[in-house]
Amino acid sequence: MPEFLQHLANAVILGGTYALLGIGLTLIFGIMRVVNFTHGELYTFGAYMAFMLAGMFGLNFFLSLLLAATLGVALGALIEFVLLRPLKGADIDTTMLVMIGAGIAMQAGEQLMWGGVAKSVPNPFPTDPVVLGPVSVGPIRLFVLAVAVVLLLVFYLLINRTKLGVAMRATFQDPDTAALMGVNNGLMYTLTFAIGSGLAAVAGALLGPIFVVTPTMGDLVALKAFAIVILGGLGNIPGATIGGFVLALVEEFGAGYVSSGYRDAMGFLLIIAVLAVRPQGLFAAKERIG
Amino acid sequence: MTARTLAWLFVLFMATLPLWMNDQYILYVLTSTGIFIIAAMSLNLLLGYTGQLSLGHVAFFGIGAYTSALLSLGFDLELGGGEPLVLEPQPVWLAFLGGILMAALFGWLIGRLAFRVRGAYFVIVSVSFAQVMRMVALNWVDLTEGPMALNNIPPLTVWWPGEGVLPLYRKEYYFLLVLAVAVVSFLLIQRLVRSRVGRALVALRENESLARSVGINITRYLVVATVLSAGMAGAAGALYTHYIRIVDPDVFMFIYTVTMVIMVVTGGKGTLAGPIVGGLLFGFLPEVLRDVARPEMQWIIYGLVMIAIVFFLPQGIVPAVAKLFASKRSSRDGRTPATPRVSEGASS
Amino acid sequence: MSAVLAEPAALEVREVAVHFSGLIAIASMSFQVPEGAIVSLIGPNGAGKTTAFNVITGFLKPTAGKVLYHGADLTRLSPSRIAALGVVRTFQRTSIFGGCTVFDNVLTGLHQRGRAETWASLLRLPWVRGEEDRLAQEANEILAFIGLEHRADEMAGNLAYGEQRLLGIAIALAAAPKLLLLDEPAAGLNPSETEAFMAVVKRIRDRGVTVLLVEHDMKMVMGISDLVVVLNHGRIIAGGPPETVRNDPEVVRAYLGQGVKRAEG
């Protein structure tokens with residue numbers, strides 16, 4: 001039983017950041033119909049920014065996180081403006097290929113800048129775990145969970161309670177009608193991509209201190225983000241949130257009780273299984289595939 | 001001088017290469033480029049002609065490589081209690097065939113899945129599939145030796161009149177073998193895309209509902225495309241494994257799929273010559289850039305090249321060049337029923 | 001109401017209903033298409049005409065009812081199976097294979113007329129060559145019949161709109177239909193193009209193909225139909241020869257009075 005609870009605790013913590021990743025990607029997917037292969041690289045970027053600011057420049061840890069997130073948003077906006085905007089209307093293969101090209105360049109760039117050796121991000125949290133009954137959790141992980149929850153809440157408020165959120169949802173449902181109602185589609189797309197990328201960067205900045213930072217960390221993470229999006233359904237934000245936690249649970253319990261080597265495979269096997277049975281995702285309303 | 005004569009001259013030229021090319025290293029580069037071209041051609045069948053966004057292609061390459069290696073080395077597997085499964089080392093060409101068949105089998109599975117899961121979802125599934133394969137190779141140490149790799153894989157053999165069966169150690173001979181397989185693969189694909197089956201595949205890519213309404217069975221042809229494509233990639237993988245004679249889980253890395261995709265897309269997807277042009281370009285580019293730029297820099301360049309091609313030459317190099325020649329050519333051969341007019345289903 | 005027939009029915013639509021989670025697209029539709037006739041299915045926008053087509057050709061499964069072709073039940077079959085039985089459709093929005101030449105478009109449409117599969121093609125068995133020649137000849141004939149032979153080598157995506165519509169029909173013809181369903185074939189055509197189209201449809205019927213078309217252009221409908229069936233709010237409200245239907249008060253009311261008379265203008 002205590003082992004079970006520990007896994008559960010780990011899963012909940014991981015699930016929070018997975019949810020952020022998933023929401024960022026599903027937002028981009030849902031509103032822009034772009035298979036975003038740079039998502040993993042934004043995650044890595046966020047982690048490297050945290051490393052650079054806190055580790056190399058010695059800035060305050062929390063400030064570094066904030067800056068890393070902001071830089072992620074900026075980079076996302078840049079990518080959208082330079083690469084995606086000119087491609088408006090092109091078919092899905094084309095945008096996908098451009099995203100892959102950008103992703104490759106980014107990863108190589110990170111490798112060039114910081115080398116392949118794993119870096120760790122210095123942080124002010126004590127290393128002794130906090131013990132809550134049968135469960136022990138590192139303090140930084142609690143912090144990560146707290147931040148993730150806050151961000152999720154902020155994001156929900158943004159989407160559901162603000163004018164911007166309404167505009168975004170309108171663009172998601174029907175870009176043409178939204179345009180007629182005065183919504184600037186171009187701006188929406190840039191914002192969407194920027195916010196989605198920002199969420200990925202934040203996830204990277206949050207998890208960077210917990211794990212280590214390497215140039216290829218984004219690869220697996222990107223695929224997990226895709227898995228989460230599929231679980232929840234393209235463009236389905238609550239679905240992506242739930243999907244994030246589901247994936248974390250499957251990974252934790254799968255790794256704990258079945259085999260730890262296949263930990264990362266759990267997510268993939270999950271998606272293949274889900275899609276084979278329900279091609280539209282677990283939570284999506286019936287939507288046209290492809 | 002038709003394109004056809006030109007092509008055969010090129011092949012002939014390549015075939016004589018081992019006679020005068022002394023640089024072993026260049027032979028090595030040519031051989032591995034050749035292997036990648038075969039894999040790229042197979043991807044082109046699926047991506048270019050049938051329009052399926054399969055980004056897990058390296059999985060079939062790797063499956064072909066591992067299967068052929070394991071069959072030729074033999075293995076014994078603990079199956080948890082009871083008798084271990086033991087396989088004696090098989091004749092190497094049988095192993096090669098086994099690699100192709102195993103890859104084709106997985107192709108069949110993916111093909112059946114593709115029908116249910118289309119577009120963006122399929123992209124993700126295909127990428128995930130390759131990653132799962134990598135993890136299996138990494139973790140099922142009992143079978144695959146995991147990261148320690150399978151070593152001492154026997155080379156392919158060839159029967160030569162007068163000398164009997166010879167193992168292919170020498171780079172020159174292996175190069176010729178790869179060239180032969182590449183030519184055969186090309187001819188097979190050419191025959192396929194210029195046939196009724198090829199037209200059905202292109203129809204799938206161009207307009208699926210219309211294809212259905214004229215009686216084309218979507219699932220059937222999706223499966224045909226994936227099985228053939230996977231089998232060919234498996235052959236490339238098997239060639240690779242008996243050449244390098246070591247195989248480890250890195251053979252499943254996403255970066256190799258990306259390489260194949262770059263080759264197909266820049267060369268020209270949906271054209272016969274595309275993967276070859278793209279393959280030669282990206283097979284030799286690393287060598288050309290080797291002294292000028294670090295590996296990381298090279299990948300940045302590849303990424304940028306890919307973006308540039310998509311923006312400026314969206315069809316790829318071959319169609320752009322073809323257009324250039326077509327606008328200069330004046331005559332148009334007459335059409336008679338005896339010579340069916342076929343195009344290669346150039347992509348839109 | 002259903003049309004009263006003297007000839008045997010080729011197609012019978014029997015009490016077909018289509019419900020989309022609460023929305024009733026088609027309430028109950030029954031009508032017959034006699035062999036060798038040109039029948040038009042008309043009705044105001046949103047009446048359910050394209051839905052009806054989708055049901056008949058297998059792109060949509062109805063919530064209730066049956067579709068019978070010469071007695072064979074089409075209701076549960078897939079589109080490609082239905083096409084194999086000789087029931088072929090065109091699409092409302094232009095549907096062609098844009099990345100192929102006009103000739104290859106028709107050749108692809110001839111898929112059912114060939115039988116070379118993977119092995120035969122890879123090995124290039126001797127009979128395959130003969131089949132390809134035969135198919136090429138048929139493709140040429142169809143192109144000549146439809147009047148596009150001079151555009152055979154053009155990329156289909158580069159054709160003018162009217163030519164693309166013609167190509168869509170050519171592709172459907174290639175599938176050797178015995179019953180051809182045309183979904184708004186005259187949409188977007190100017191009057192002279194529409195005239196040409198009407199002639200093509202008549203020539204198709206003269207070759208022994210039964211035609212069912214959905215159309216808004218009243219001139220075309222009244223000009224070529226043997227029978228007209230009127231759909232409104234998911235139900236058939238009238239059916240019969242064009243003259244009878246035109247004067248039917250229910251029909252006139254459905255079109256808000258002026259529509260029918262004015263359209264024929």
# chains A, B, ... in the order shown; residues from 1 in each chain; ligands from 1

call {"tool": "interface_residues", "arguments": {"of": "chain A", "to": "chain B", "cutoff": "8 Å", "atoms": "only C-alpha atoms", "output": "ChimeraX atom specification"}}
result
/A:35,93-94,97-98,100-106,108-109,111-112,223,226-227,230,261-262,265,268-269,271-272,275-276,279,289-290

call {"tool": "interface_residues", "arguments": {"of": "chain C", "to": "chain B", "cutoff": "9 Å", "atoms": "only C-alpha atoms", "output": "count of residues only"}}
result
55

call {"tool": "select_by_dssp", "arguments": {"residues": "region 79-281 of chain A", "states": "alpha helix (DSSP H)", "output": "JSON, numbers by chain"}}
result
{"A": [79, 92, 93, 94, 95, 96, 97, 98, 99, 100, 101, 102, 103, 104, 105, 106, 107, 108, 109, 110, 111, 112, 113, 114, 139, 140, 141, 142, 143, 144, 145, 146, 147, 148, 149, 150, 151, 152, 153, 154, 155, 156, 157, 158, 159, 160, 161, 163, 164, 165, 166, 167, 168, 169, 170, 171, 172, 173, 175, 176, 177, 178, 179, 180, 185, 186, 187, 188, 189, 190, 191, 192, 193, 194, 195, 196, 197, 198, 199, 200, 201, 202, 203, 204, 205, 206, 207, 217, 218, 219, 220, 221, 222, 223, 224, 225, 226, 227, 228, 229, 230, 231, 232, 237, 238, 239, 240, 241, 242, 243, 244, 245, 246, 247, 248, 249, 250, 251, 252, 253, 263, 264, 265, 266, 267, 268, 269, 270, 271, 272, 273, 274, 275, 276, 277]}

call {"tool": "atom_distance", "arguments": {"atom1": "CA of Ile237 (chain C)", "atom2": "CA of Leu11 (chain C)"}}
result
18.5 Å

call {"tool": "residues_around", "arguments": {"residues": "region 144-147 of chain B", "least_positions_apart": "3", "cutoff": "8 Å", "atoms": "only C-alpha atoms", "output": "compact mmCIF listing (two decimals) with N, CA and C atoms, in the first residue's frame"}}
result
# COMPACT_ATOMS: atom_id res chain seq x y z
N TYR B 66 17.80 -6.12 -37.44
CA TYR B 66 17.87 -7.02 -36.29
C TYR B 66 17.47 -8.44 -36.62
N LEU B 70 19.89 -11.54 -36.14
CA LEU B 70 19.58 -12.61 -35.19
C LEU B 70 19.47 -13.96 -35.86
N ALA B 137 14.43 -3.04 -28.41
CA ALA B 137 15.80 -3.43 -28.73
C ALA B 137 16.73 -3.14 -27.56
N LEU B 138 16.46 -2.05 -26.87
CA LEU B 138 17.29 -1.63 -25.75
C LEU B 138 17.09 -2.51 -24.53
N ASN B 139 15.86 -2.90 -24.29
CA ASN B 139 15.55 -3.58 -23.04
C ASN B 139 15.50 -5.10 -23.10
N TRP B 140 15.19 -5.65 -24.25
CA TRP B 140 15.09 -7.10 -24.33
C TRP B 140 16.49 -7.66 -24.54
N VAL B 141 17.29 -7.49 -23.51
CA VAL B 141 18.71 -7.78 -23.63
C VAL B 141 18.96 -9.24 -23.95
N LEU B 150 24.72 -6.38 -31.17
CA LEU B 150 24.98 -7.70 -31.73
C LEU B 150 26.24 -7.58 -32.57
N ASP B 248 23.01 -2.06 -33.18
CA ASP B 248 22.56 -1.72 -31.83
C ASP B 248 21.28 -0.88 -31.88
N PRO B 249 20.65 -0.65 -30.73
CA PRO B 249 19.34 0.01 -30.73
C PRO B 249 19.33 1.39 -31.39

call {"tool": "decode", "arguments": {"residues": "region 22-55 of chain A", "atoms": "N, CA and C atoms", "output": "short mmCIF file (atom, residue, chain, number, x, y, z; two decimals), in the first residue's frame"}}
result
data_model
loop_
_atom_site.label_atom_id
_atom_site.label_comp_id
_atom_site.auth_asym_id
_atom_site.auth_seq_id
_atom_site.Cartn_x
_atom_site.Cartn_y
_atom_site.Cartn_z
N GLY A 22 0.92 18.95 -22.55
CA GLY A 22 -0.17 18.50 -23.40
C GLY A 22 -1.08 19.64 -23.81
N ILE A 23 -1.38 20.50 -22.87
CA ILE A 23 -2.27 21.63 -23.17
C ILE A 23 -1.64 22.52 -24.23
N GLY A 24 -0.34 22.79 -24.06
CA GLY A 24 0.36 23.63 -25.04
C GLY A 24 0.24 23.06 -26.44
N LEU A 25 0.45 21.76 -26.53
CA LEU A 25 0.44 21.14 -27.86
C LEU A 25 -0.97 21.03 -28.43
N THR A 26 -1.93 20.69 -27.58
CA THR A 26 -3.28 20.53 -28.09
C THR A 26 -3.85 21.87 -28.53
N LEU A 27 -3.41 22.91 -27.85
CA LEU A 27 -3.84 24.25 -28.24
C LEU A 27 -3.39 24.54 -29.66
N ILE A 28 -2.10 24.25 -29.90
CA ILE A 28 -1.53 24.51 -31.23
C ILE A 28 -2.18 23.62 -32.28
N PHE A 29 -2.31 22.36 -31.92
CA PHE A 29 -2.93 21.40 -32.79
C PHE A 29 -4.36 21.79 -33.12
N GLY A 30 -5.09 22.12 -32.08
CA GLY A 30 -6.51 22.37 -32.24
C GLY A 30 -6.80 23.63 -33.03
N ILE A 31 -6.08 24.69 -32.71
CA ILE A 31 -6.40 25.95 -33.37
C ILE A 31 -5.72 26.08 -34.72
N MET A 32 -4.51 25.54 -34.81
CA MET A 32 -3.77 25.79 -36.05
C MET A 32 -3.63 24.56 -36.94
N ARG A 33 -4.02 23.41 -36.44
CA ARG A 33 -3.92 22.19 -37.23
C ARG A 33 -2.49 21.94 -37.69
N VAL A 34 -1.55 22.26 -36.82
CA VAL A 34 -0.14 22.06 -37.18
C VAL A 34 0.44 20.94 -36.33
N VAL A 35 1.13 20.00 -36.96
CA VAL A 35 1.83 18.97 -36.20
C VAL A 35 3.14 19.59 -35.75
N ASN A 36 3.17 20.02 -34.51
CA ASN A 36 4.27 20.85 -34.05
C ASN A 36 5.46 20.03 -33.57
N PHE A 37 6.42 19.83 -34.48
CA PHE A 37 7.60 19.07 -34.10
C PHE A 37 8.62 19.91 -33.35
N THR A 38 8.31 21.16 -33.12
CA THR A 38 9.26 21.96 -32.33
C THR A 38 8.89 21.97 -30.85
N HIS A 39 7.78 21.34 -30.52
CA HIS A 39 7.31 21.40 -29.14
C HIS A 39 8.35 20.85 -28.17
N GLY A 40 8.93 19.72 -28.53
CA GLY A 40 9.95 19.12 -27.66
C GLY A 40 11.15 20.05 -27.52
N GLU A 41 11.47 20.73 -28.61
CA GLU A 41 12.63 21.62 -28.57
C GLU A 41 12.36 22.85 -27.72
N LEU A 42 11.13 23.29 -27.67
CA LEU A 42 10.80 24.41 -26.78
C LEU A 42 10.94 23.99 -25.32
N TYR A 43 10.58 22.75 -25.06
CA TYR A 43 10.75 22.19 -23.72
C TYR A 43 12.24 22.24 -23.34
N THR A 44 13.06 21.72 -24.26
CA THR A 44 14.51 21.73 -24.03
C THR A 44 15.03 23.15 -23.87
N PHE A 45 14.52 24.02 -24.71
CA PHE A 45 14.92 25.43 -24.66
C PHE A 45 14.64 26.02 -23.28
N GLY A 46 13.47 25.74 -22.78
CA GLY A 46 13.10 26.24 -21.46
C GLY A 46 14.08 25.76 -20.40
N ALA A 47 14.42 24.47 -20.51
CA ALA A 47 15.36 23.91 -19.53
C ALA A 47 16.73 24.57 -19.65
N TYR A 48 17.19 24.74 -20.89
CA TYR A 48 18.51 25.36 -21.08
C TYR A 48 18.54 26.81 -20.64
N MET A 49 17.41 27.49 -20.84
CA MET A 49 17.34 28.88 -20.40
C MET A 49 17.46 28.95 -18.88
N ALA A 50 16.75 28.03 -18.22
CA ALA A 50 16.82 27.99 -16.76
C ALA A 50 18.26 27.73 -16.34
N PHE A 51 18.90 26.80 -17.04
CA PHE A 51 20.30 26.47 -16.72
C PHE A 51 21.19 27.69 -16.93
N MET A 52 21.01 28.32 -18.08
CA MET A 52 21.88 29.44 -18.41
C MET A 52 21.70 30.59 -17.43
N LEU A 53 20.46 30.93 -17.14
CA LEU A 53 20.20 32.07 -16.27
C LEU A 53 20.59 31.78 -14.82
N ALA A 54 20.14 30.64 -14.32
CA ALA A 54 20.43 30.35 -12.92
C ALA A 54 21.83 29.78 -12.75
N GLY A 55 22.22 28.93 -13.68
CA GLY A 55 23.50 28.25 -13.55
C GLY A 55 24.67 29.09 -14.01
#
